[in-house]
Every structure is written in C-alpha cells, then in structure tokens.
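Structure first, commentary second.
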Amino acid sequence: MDKKPRWPWITRLRAPVRAFDHVQTWMEGAYSKLLGGILRKPMVPILISLGVFVLSMTAAHRVPQAFAPDLDHGQALVDLEMAPGTNLDGTQLVARQVEAVIKKNANVEMVALTVGGSNGEANKAQLFVQLKGGDRRGGTTNQFCDKLRGQLAPFAQALPKVKAFDPSGGLAGQPFVLNLIGSDAAQLEAYAAQLKANLAQDARVKDMDTTLRPGKPEFRVQLKEKEADAFGVNSKTVDMELRAMVEGFTPAKFRENGKEYDIRVRLQPDQRDLEKDYSQVLVPNVNHRLVRLSDVALAEEAPGAAEIDRQDRGRQIQITASVAPGVGVGDVVADVERYMASGPGKLPDSVRADWGGDAENMKETNSSAVVAIAFGIIFIYLILSSLYGSFATPMTILVALPLALSGAFIILFALGNILNVFTILGIFFLLGIAGKNSILLVGFANQLIAEGLTPSEAIFKAGRVRLRPILMTSFALIAGTLPVALGMSEAAKMRTSMGMAIVGGIVSETLLTLVVVPAIFVYVDRYRLWSKAALAKIFMPK
C-alpha cells in the first residue's frame, strides 16, 4: 500500500524547480561560451560598453530636469485677479462665470469659490477644484490643469492662473521663479517686460505672471531745483505741508468720560483736490513765508507702482510661471539663462538675475548631488583598496558604477520620465549596490589566483560559479523595486522615476558586468603585477 507524501505540495513544486534548474544550467553553458570569447578578445566588450556609456550620456543630456515630480492628488487651484479698483461684486460676477466653466468638466467633483484676497484685496478670487478619484478622473491633475487653461482663455482680463494643490503642504509653488534685481527702476521694468514678452512666445511656459502691476493714478509733485533754492523751499517742508492738507495731523486730544479722541486738523473735503486747486496751493519756505507751489514745483498725474519689492538693497521684479505637462523646468531655465547671457536679451549692467522656487532648489540639488557622488566614489575606492590591498584591483569593481548609471539614464529617456530629487536618491542607491556583482566575481577570482590559477582561468571559473548568485541577487532587487517603478497608487506615482532608474541601473549593471568585468580584469591584473614589480625595483633594489 503506497504511503501518501507527508507534504503533498512539495511534489507539485518539483516540476517547476527542475525546469528552473535546467534553465540555469543552460545559462551557465551559454555564458561559459560567451566568456571564452570575451577572454580571447577582451577589447570588444570594453568598446561596446564604452559605446553604451556614451549613448547613455547623450540620453542623460536630453532627459528633462525638475526639482520635484508633478503632483497628482486630484486637486487644483484657480487664482483670479481683476483690474485694480474692481469691487467685490465685479470680482464675484467674473468668478461665477469661471466656476460655471470649470463645472462643465465631467471629471470635476466639487468647486469651492472664495472672493476677496487674504489682505483685503477686493479684486482677487480663488477657486478650489476637487477632481474625481481613481480611473474616473480620466488623466492626471496636470493634464486637467493644462486643459483648463485653454478653457479659461476668454477670461484673460482676470489673469487666471491654474495650479496643482498639495493637500499635505498647501499650494504647490510655481516651479519657474526668477527675481530681477536692479538699481535703475526704469531699466529694470523695461527688461522685465522684454523678458516676459520673450517667455510668452514659449509654448512650454504656462500661467506666466509678474509682480510688476499697473498702479492707480497718482498726483506727483516734483520740485524745480533752481526755483526751490531761490525761494528757500525744500522737499521736506513741502511734503509735510501737503500731507497736513490732505491727511491732516493730530495736534491735540479730546478727553471726555475717561476716553481720548484724536483731534485731526485738515482742509475741508472740497479743498483737498490738489490737482484742481494746484495753482492756489501755498507752502512755507525756510523763513516761514508762504510761496506759491506752482512757482517752485511741477505737477503731473501718472500711474504709481502698486507695490515696491526689494531684495539685497535693490528694486525687485519677480517673474513666475508653470510648465506644460512632461516638460522639465530645467530645460526652460537653461534656455532663459542663454537668452540673458548674450544677444538682444543680455542683462543690462544695472540688472542681475536670481533664481528662486523649484529652479533654485534644482540647481542646489544638482550641485550637491555631484559632490556627494564624487565623495561616494572616493570612499568606495578607498575601502576596496584597503580590502584587497591593491590600488589597481578596485578599478575593476568601480567599472560597474558608470554601467549602472547608463541603464538608469537610458530607461528614463526611453520612458519619458523626468530627472528629479527622487531620481537622484535612486542614483545614490545604485552607487551602493552597483559593485556587488563585481565584488562577487573579483573576490572569488583573486581566491583562485592565490590557489595557483592564471588570471584568465580564475576569472573564467569565477564567472561560471558566481553566475547564479549574481542573477539571483539582481532578480531579487528588481522584484523588490518594481512596485515603486510601476506606481501602483496615486501617492506612489511621485516615486516612479526613482524606481525606473534603479531597475534600469540594475539591469544594465548586471548584464554589462558579466561581460565587461572579466575583460577588464585581465588588463588590470597585468597592470597590478607590473606596477608591483616596478615599485619593488624602486623601493627594494637588490
């Protein structure tokens, strides 16, 4: 009577395990043949890997750059700004029309309208848009924002600006922020208008705005230098006198029942129109005699600045904008810098540019990442040098680093991903794991050399023996990173570029390491022996 197996599920696993083992055995045989050809002609795989690296650097140059990935939380904000002086009713009328346009979109779930700015500006309004979740949205939040910009084109007088909204941190600031700073206000405003006009022609730039606003009309009084000196009138006296006429001053207080009231002295309402009665206005001179203001000063009505911003002791005008979906702000920043560097758009001597927002963060992150990667490579080299007791052997292992970066940049370019701060974190991760396959090969090959095998025989045997653990560790890393690369949820989509970079780097590092490291190992080992003998002759002569 046959006994039933104690664990019947083991029987079911035997077939797939045997099939997998057959595949592994076949791969070992195929790799052995490939490895034999590599050792006969080691320069061929080295040149191929060099070509792949050059290709990847070309792809890296074309990968769009941004500080952070596009937000896709299904929420957006629409800012409206009417002309200065518009009251709440006028702003609300236009805002209601914009709200109706937004609600016509089938993927909009809710719209909340707020009329009036945070500082009491009656000419501003804001609409919060909540999109439907999941597959019902029919696209990303940025795609909806781009579509909505086209729908709000008829409301250009309200300067509509559509932005993504981050529920965890509030409004996502505009990625493109450029501060123009200068001492000459007229030249600064002229250049800001010129740059704004140039950016308006760029289809990648959306929702461009500037802090330069047309102000309300104001009545300006400017002293005539010669006449003012002749009559003994100075600007301080004129300023105080005109202020007292219009705004008034409080020379005393009135007290009654324990309360104080300011006594304000000023002209009657029908006498405060300086423009109308300008020829009759009198101001005192240094001898306290009254002088007709029109004799010593010129007056004109002109628009004044709505607000004056300053930075580093200079006038500042800020230009902000967002970019189209799939466009990296780094490309726009690079084009603007080239425009400001030479030609008709060259910055005047009195104006300088200072980046802010995501553009500034991206520049700082890129420079810091280069320094961090450089120090990381140096420390890895020093650790491996102390581990193997050689300055030449680590070079074989460090070859894996550029090979890993090649796969990361190629997959980012092929899939249209953007290089951002999460991608840089993925590159840091690759630096830590890229050398593990090379260490498995080189470490075992050095063991075999110590046992008496030649470098070619040692690396050939190390390749056959270490193939399985190399593939298993690589498959495990790829399987663990795939959920991040695929972005299974809305929150995880922010990190897809990091997952893609890691997967691409592991694939390229694994495949190229198996063919390039054995080829380089032969040359490096020859150099190691030659340098060791040369140093021995110098420092230990017979």
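All residue names refer to the structure tokens as shown: chains lettered A, B, ... in order, residues numbered from 1 in each chain, ligands numbered from 1 in order.
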Practice task
Can you list, as a ChimeraX atom specification, all residues belonging to region 56-97 of chain A that DSSP tags as alpha helix (DSSP H)?
Solution key: /A:56-62,88-97
Problem - Å distance separating CA of His73 (chain A) from CA of Pro483 (chain A), one decimal place - result: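 Taking CA of His73 (chain A) and CA of Pro483 (chain A), their separation equals 19.0 Å.
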Exercise for the section: Excluding Leu431 (chain A) and any residue of its chain fewer than 3 positions from it, enumerate the residues within 12 Å of it, using only C-alpha atoms, and give them as a ChimeraX atom specification. Expected result: /A:372-381,397-405,408,424-428,434-436,501-502,505-506,509
Write a file of the just-selected residues containing N, CA and C atoms, as an mmCIF file, in the first residue's frame.
data_model
loop_
_atom_site.group_PDB
_atom_site.id
_atom_site.type_symbol
_atom_site.label_atom_id
_atom_site.label_comp_id
_atom_site.auth_asym_id
_atom_site.auth_seq_id
_atom_site.Cartn_x
_atom_site.Cartn_y
_atom_site.Cartn_z
ATOM 1 N N ALA A 372 28.256 64.826 -3.678
ATOM 2 C CA ALA A 372 28.006 63.604 -2.906
ATOM 3 C C ALA A 372 28.438 62.360 -3.673
ATOM 4 N N ILE A 373 28.152 62.323 -4.980
ATOM 5 C CA ILE A 373 28.544 61.165 -5.789
ATOM 6 C C ILE A 373 30.071 61.062 -5.867
ATOM 7 N N ALA A 374 30.739 62.208 -6.020
ATOM 8 C CA ALA A 374 32.204 62.195 -6.089
ATOM 9 C C ALA A 374 32.810 61.658 -4.793
ATOM 10 N N PHE A 375 32.325 62.144 -3.648
ATOM 11 C CA PHE A 375 32.830 61.656 -2.370
ATOM 12 C C PHE A 375 32.489 60.179 -2.169
ATOM 13 N N GLY A 376 31.291 59.766 -2.631
ATOM 14 C CA GLY A 376 30.913 58.365 -2.506
ATOM 15 C C GLY A 376 31.852 57.444 -3.273
ATOM 16 N N ILE A 377 32.200 57.837 -4.487
ATOM 17 C CA ILE A 377 33.121 57.019 -5.293
ATOM 18 C C ILE A 377 34.509 56.960 -4.642
ATOM 19 N N ILE A 378 34.951 58.099 -4.110
ATOM 20 C CA ILE A 378 36.269 58.118 -3.460
ATOM 21 C C ILE A 378 36.290 57.187 -2.245
ATOM 22 N N PHE A 379 35.242 57.237 -1.424
ATOM 23 C CA PHE A 379 35.207 56.387 -0.230
ATOM 24 C C PHE A 379 35.105 54.911 -0.611
ATOM 25 N N ILE A 380 34.316 54.600 -1.639
ATOM 26 C CA ILE A 380 34.224 53.207 -2.087
ATOM 27 C C ILE A 380 35.587 52.706 -2.566
ATOM 28 N N TYR A 381 36.281 53.568 -3.310
ATOM 29 C CA TYR A 381 37.613 53.169 -3.807
ATOM 30 C C TYR A 381 38.587 52.924 -2.650
ATOM 31 N N ILE A 397 36.217 46.820 -10.075
ATOM 32 C CA ILE A 397 34.903 46.843 -9.435
ATOM 33 C C ILE A 397 34.176 48.150 -9.721
ATOM 34 N N LEU A 398 34.913 49.264 -9.731
ATOM 35 C CA LEU A 398 34.281 50.566 -9.949
ATOM 36 C C LEU A 398 33.762 50.750 -11.367
ATOM 37 N N VAL A 399 34.157 49.881 -12.284
ATOM 38 C CA VAL A 399 33.611 49.942 -13.645
ATOM 39 C C VAL A 399 32.100 49.781 -13.632
ATOM 40 N N ALA A 400 31.580 49.089 -12.602
ATOM 41 C CA ALA A 400 30.142 48.854 -12.523
ATOM 42 C C ALA A 400 29.346 50.141 -12.304
ATOM 43 N N LEU A 401 29.969 51.166 -11.726
ATOM 44 C CA LEU A 401 29.239 52.398 -11.424
ATOM 45 C C LEU A 401 28.756 53.119 -12.681
ATOM 46 N N PRO A 402 29.633 53.432 -13.646
ATOM 47 C CA PRO A 402 29.118 54.052 -14.872
ATOM 48 C C PRO A 402 28.187 53.140 -15.657
ATOM 49 N N LEU A 403 28.388 51.816 -15.563
ATOM 50 C CA LEU A 403 27.479 50.905 -16.255
ATOM 51 C C LEU A 403 26.082 50.968 -15.664
ATOM 52 N N ALA A 404 25.985 51.106 -14.345
ATOM 53 C CA ALA A 404 24.680 51.232 -13.707
ATOM 54 C C ALA A 404 24.017 52.557 -14.086
ATOM 55 N N LEU A 405 24.795 53.650 -14.109
ATOM 56 C CA LEU A 405 24.236 54.948 -14.496
ATOM 57 C C LEU A 405 23.756 54.933 -15.942
ATOM 58 N N ALA A 408 20.261 53.553 -16.012
ATOM 59 C CA ALA A 408 19.308 54.475 -15.386
ATOM 60 C C ALA A 408 18.921 55.600 -16.337
ATOM 61 N N ILE A 424 17.513 61.228 -8.152
ATOM 62 C CA ILE A 424 18.858 61.342 -7.580
ATOM 63 C C ILE A 424 19.016 60.402 -6.393
ATOM 64 N N LEU A 425 17.966 60.251 -5.591
ATOM 65 C CA LEU A 425 18.020 59.283 -4.495
ATOM 66 C C LEU A 425 18.200 57.863 -5.034
ATOM 67 N N GLY A 426 17.539 57.566 -6.146
ATOM 68 C CA GLY A 426 17.716 56.254 -6.773
ATOM 69 C C GLY A 426 19.142 56.042 -7.264
ATOM 70 N N ILE A 427 19.766 57.109 -7.776
ATOM 71 C CA ILE A 427 21.154 57.007 -8.230
ATOM 72 C C ILE A 427 22.084 56.756 -7.039
ATOM 73 N N PHE A 428 21.811 57.418 -5.916
ATOM 74 C CA PHE A 428 22.592 57.137 -4.703
ATOM 75 C C PHE A 428 22.465 55.667 -4.306
ATOM 76 N N ALA A 434 25.816 48.861 -6.907
ATOM 77 C CA ALA A 434 26.319 48.577 -8.258
ATOM 78 C C ALA A 434 27.539 47.672 -8.246
ATOM 79 N N GLY A 435 28.350 47.767 -7.223
ATOM 80 C CA GLY A 435 29.576 46.982 -7.212
ATOM 81 C C GLY A 435 29.434 45.585 -6.659
ATOM 82 N N LYS A 436 28.244 45.168 -6.233
ATOM 83 C CA LYS A 436 28.104 43.845 -5.576
ATOM 84 C C LYS A 436 28.404 42.713 -6.557
ATOM 85 N N ALA A 501 14.760 54.305 -12.473
ATOM 86 C CA ALA A 501 16.219 54.466 -12.518
ATOM 87 C C ALA A 501 16.925 53.285 -11.866
ATOM 88 N N ILE A 502 16.386 52.805 -10.748
ATOM 89 C CA ILE A 502 17.013 51.673 -10.052
ATOM 90 C C ILE A 502 16.914 50.408 -10.890
ATOM 91 N N GLY A 505 19.202 50.686 -13.891
ATOM 92 C CA GLY A 505 20.595 50.583 -13.483
ATOM 93 C C GLY A 505 21.006 49.169 -13.114
ATOM 94 N N ILE A 506 20.117 48.455 -12.419
ATOM 95 C CA ILE A 506 20.441 47.066 -12.033
ATOM 96 C C ILE A 506 20.548 46.176 -13.265
ATOM 97 N N GLU A 509 23.756 47.128 -15.186
ATOM 98 C CA GLU A 509 24.940 46.768 -14.407
ATOM 99 C C GLU A 509 25.141 45.263 -14.383
#
Practice task
For Gln318 (chain A), work out the shell of residues within 8 Å, counting only C-alpha atoms and skipping chain neighbours fewer than 3 positions away, then give it as an NGL selection string.
Solution key: :A and (177-180 or 210-212)
Mind writing the picked residues with C-alpha atoms as a short mmCIF file (atom, residue, chain, number, x, y, z; two decimals), in the first residue's frame?
data_model
loop_
_atom_site.label_atom_id
_atom_site.label_comp_id
_atom_site.auth_asym_id
_atom_site.auth_seq_id
_atom_site.Cartn_x
_atom_site.Cartn_y
_atom_site.Cartn_z
CA VAL A 177 10.69 81.73 -10.29
CA LEU A 178 13.10 84.43 -11.50
CA ASN A 179 13.92 87.55 -9.47
CA LEU A 180 15.24 90.51 -11.44
CA THR A 210 4.98 89.10 -12.73
CA THR A 211 4.88 91.26 -9.62
CA LEU A 212 5.02 94.37 -11.80
#
Which residues are close to Pro160 (chain A), i.e. within 8 Å by only C-alpha atoms, leaving aside same-chain residues fewer than 4 positions away? Reply as a CSV table (one decimal) with C-alpha atoms, in the first residue's frame.
chain,number,residue,atom,x,y,z
A,78,VAL,CA,-7.5,78.7,-9.9
A,79,ASP,CA,-6.5,82.3,-9.0
A,80,LEU,CA,-8.2,85.3,-10.5
A,81,GLU,CA,-7.0,88.9,-10.3
A,149,ARG,CA,-6.0,76.9,-19.1
A,152,LEU,CA,-10.3,80.0,-19.3
A,155,PHE,CA,-11.3,85.4,-19.2
A,156,ALA,CA,-7.8,86.8,-19.9
A,207,ASP,CA,0.5,80.8,-16.4
Among region 309-371 of chain A, which ones does DSSP assign to strand (DSSP E) (computed from the backbone)? Answer as a JSON list (two decimals) with N, CA and C atoms, in the first residue's frame.
[["chain", "number", "residue", "atom", "x", "y", "z"],
["A", 309, "ASP", "N", 8.82, 96.02, -4.31],
["A", 309, "ASP", "CA", 9.53, 94.93, -3.66],
["A", 309, "ASP", "C", 11.03, 95.19, -3.74],
["A", 310, "ARG", "N", 11.73, 94.79, -2.68],
["A", 310, "ARG", "CA", 13.17, 95.00, -2.64],
["A", 310, "ARG", "C", 13.87, 93.71, -2.21],
["A", 311, "GLN", "N", 15.06, 93.54, -2.75],
["A", 311, "GLN", "CA", 15.92, 92.41, -2.38],
["A", 311, "GLN", "C", 17.37, 92.85, -2.51],
["A", 314, "GLY", "N", 18.02, 96.49, -3.51],
["A", 314, "GLY", "CA", 17.67, 96.89, -4.87],
["A", 314, "GLY", "C", 16.21, 96.62, -5.16],
["A", 315, "ARG", "N", 15.69, 97.29, -6.17],
["A", 315, "ARG", "CA", 14.31, 97.04, -6.60],
["A", 315, "ARG", "C", 14.23, 95.65, -7.20],
["A", 316, "GLN", "N", 13.13, 94.97, -6.94],
["A", 316, "GLN", "CA", 12.98, 93.59, -7.41],
["A", 316, "GLN", "C", 11.67, 93.42, -8.16],
["A", 317, "ILE", "N", 11.75, 92.71, -9.28],
["A", 317, "ILE", "CA", 10.56, 92.28, -10.03],
["A", 317, "ILE", "C", 10.66, 90.77, -10.20],
["A", 318, "GLN", "N", 9.63, 90.07, -9.79],
["A", 318, "GLN", "CA", 9.64, 88.61, -9.83],
["A", 318, "GLN", "C", 8.77, 88.11, -10.98],
["A", 319, "ILE", "N", 9.30, 87.19, -11.76],
["A", 319, "ILE", "CA", 8.56, 86.55, -12.85],
["A", 319, "ILE", "C", 8.37, 85.08, -12.48],
["A", 320, "THR", "N", 7.13, 84.63, -12.47],
["A", 320, "THR", "CA", 6.81, 83.24, -12.12],
["A", 320, "THR", "C", 6.03, 82.60, -13.26],
["A", 321, "ALA", "N", 6.13, 81.28, -13.34],
["A", 321, "ALA", "CA", 5.42, 80.54, -14.38],
["A", 321, "ALA", "C", 5.42, 79.06, -14.03],
["A", 322, "SER", "N", 4.50, 78.35, -14.61],
["A", 322, "SER", "CA", 4.50, 76.89, -14.55],
["A", 322, "SER", "C", 4.88, 76.36, -15.93],
["A", 323, "VAL", "N", 5.05, 75.07, -16.04],
["A", 323, "VAL", "CA", 5.45, 74.47, -17.31],
["A", 323, "VAL", "C", 4.41, 73.45, -17.73],
["A", 351, "VAL", "N", 21.17, 95.40, -13.91],
["A", 351, "VAL", "CA", 20.18, 94.38, -13.54],
["A", 351, "VAL", "C", 20.89, 93.04, -13.40],
["A", 352, "ARG", "N", 20.52, 92.28, -12.38],
["A", 352, "ARG", "CA", 21.04, 90.93, -12.21],
["A", 352, "ARG", "C", 19.88, 89.98, -11.93],
["A", 353, "ALA", "N", 20.10, 88.71, -12.19],
["A", 353, "ALA", "CA", 19.05, 87.69, -12.06],
["A", 353, "ALA", "C", 19.37, 86.77, -10.89],
["A", 354, "ASP", "N", 18.33, 86.40, -10.16],
["A", 354, "ASP", "CA", 18.49, 85.50, -9.03],
["A", 354, "ASP", "C", 17.33, 84.50, -9.07],
["A", 355, "TRP", "N", 17.65, 83.21, -9.18],
["A", 355, "TRP", "CA", 16.61, 82.19, -9.30],
["A", 355, "TRP", "C", 16.02, 81.87, -7.94],
["A", 356, "GLY", "N", 14.76, 81.48, -7.94],
["A", 356, "GLY", "CA", 14.07, 81.08, -6.72],
["A", 356, "GLY", "C", 13.16, 79.90, -7.00]]
Problem - Ser294 (chain A) surroundings by only C-alpha atoms, 8 Å radius, close-in-sequence under 6 positions cut, as an NGL selection string - result: :A and (278-279 or 281)
Handout entry: Option closest in space to Gly29 (chain A), from A:Val111, A:Val465, A:Ala450, A:Val507 [counting only C-alpha atoms]
Key = A:Val465
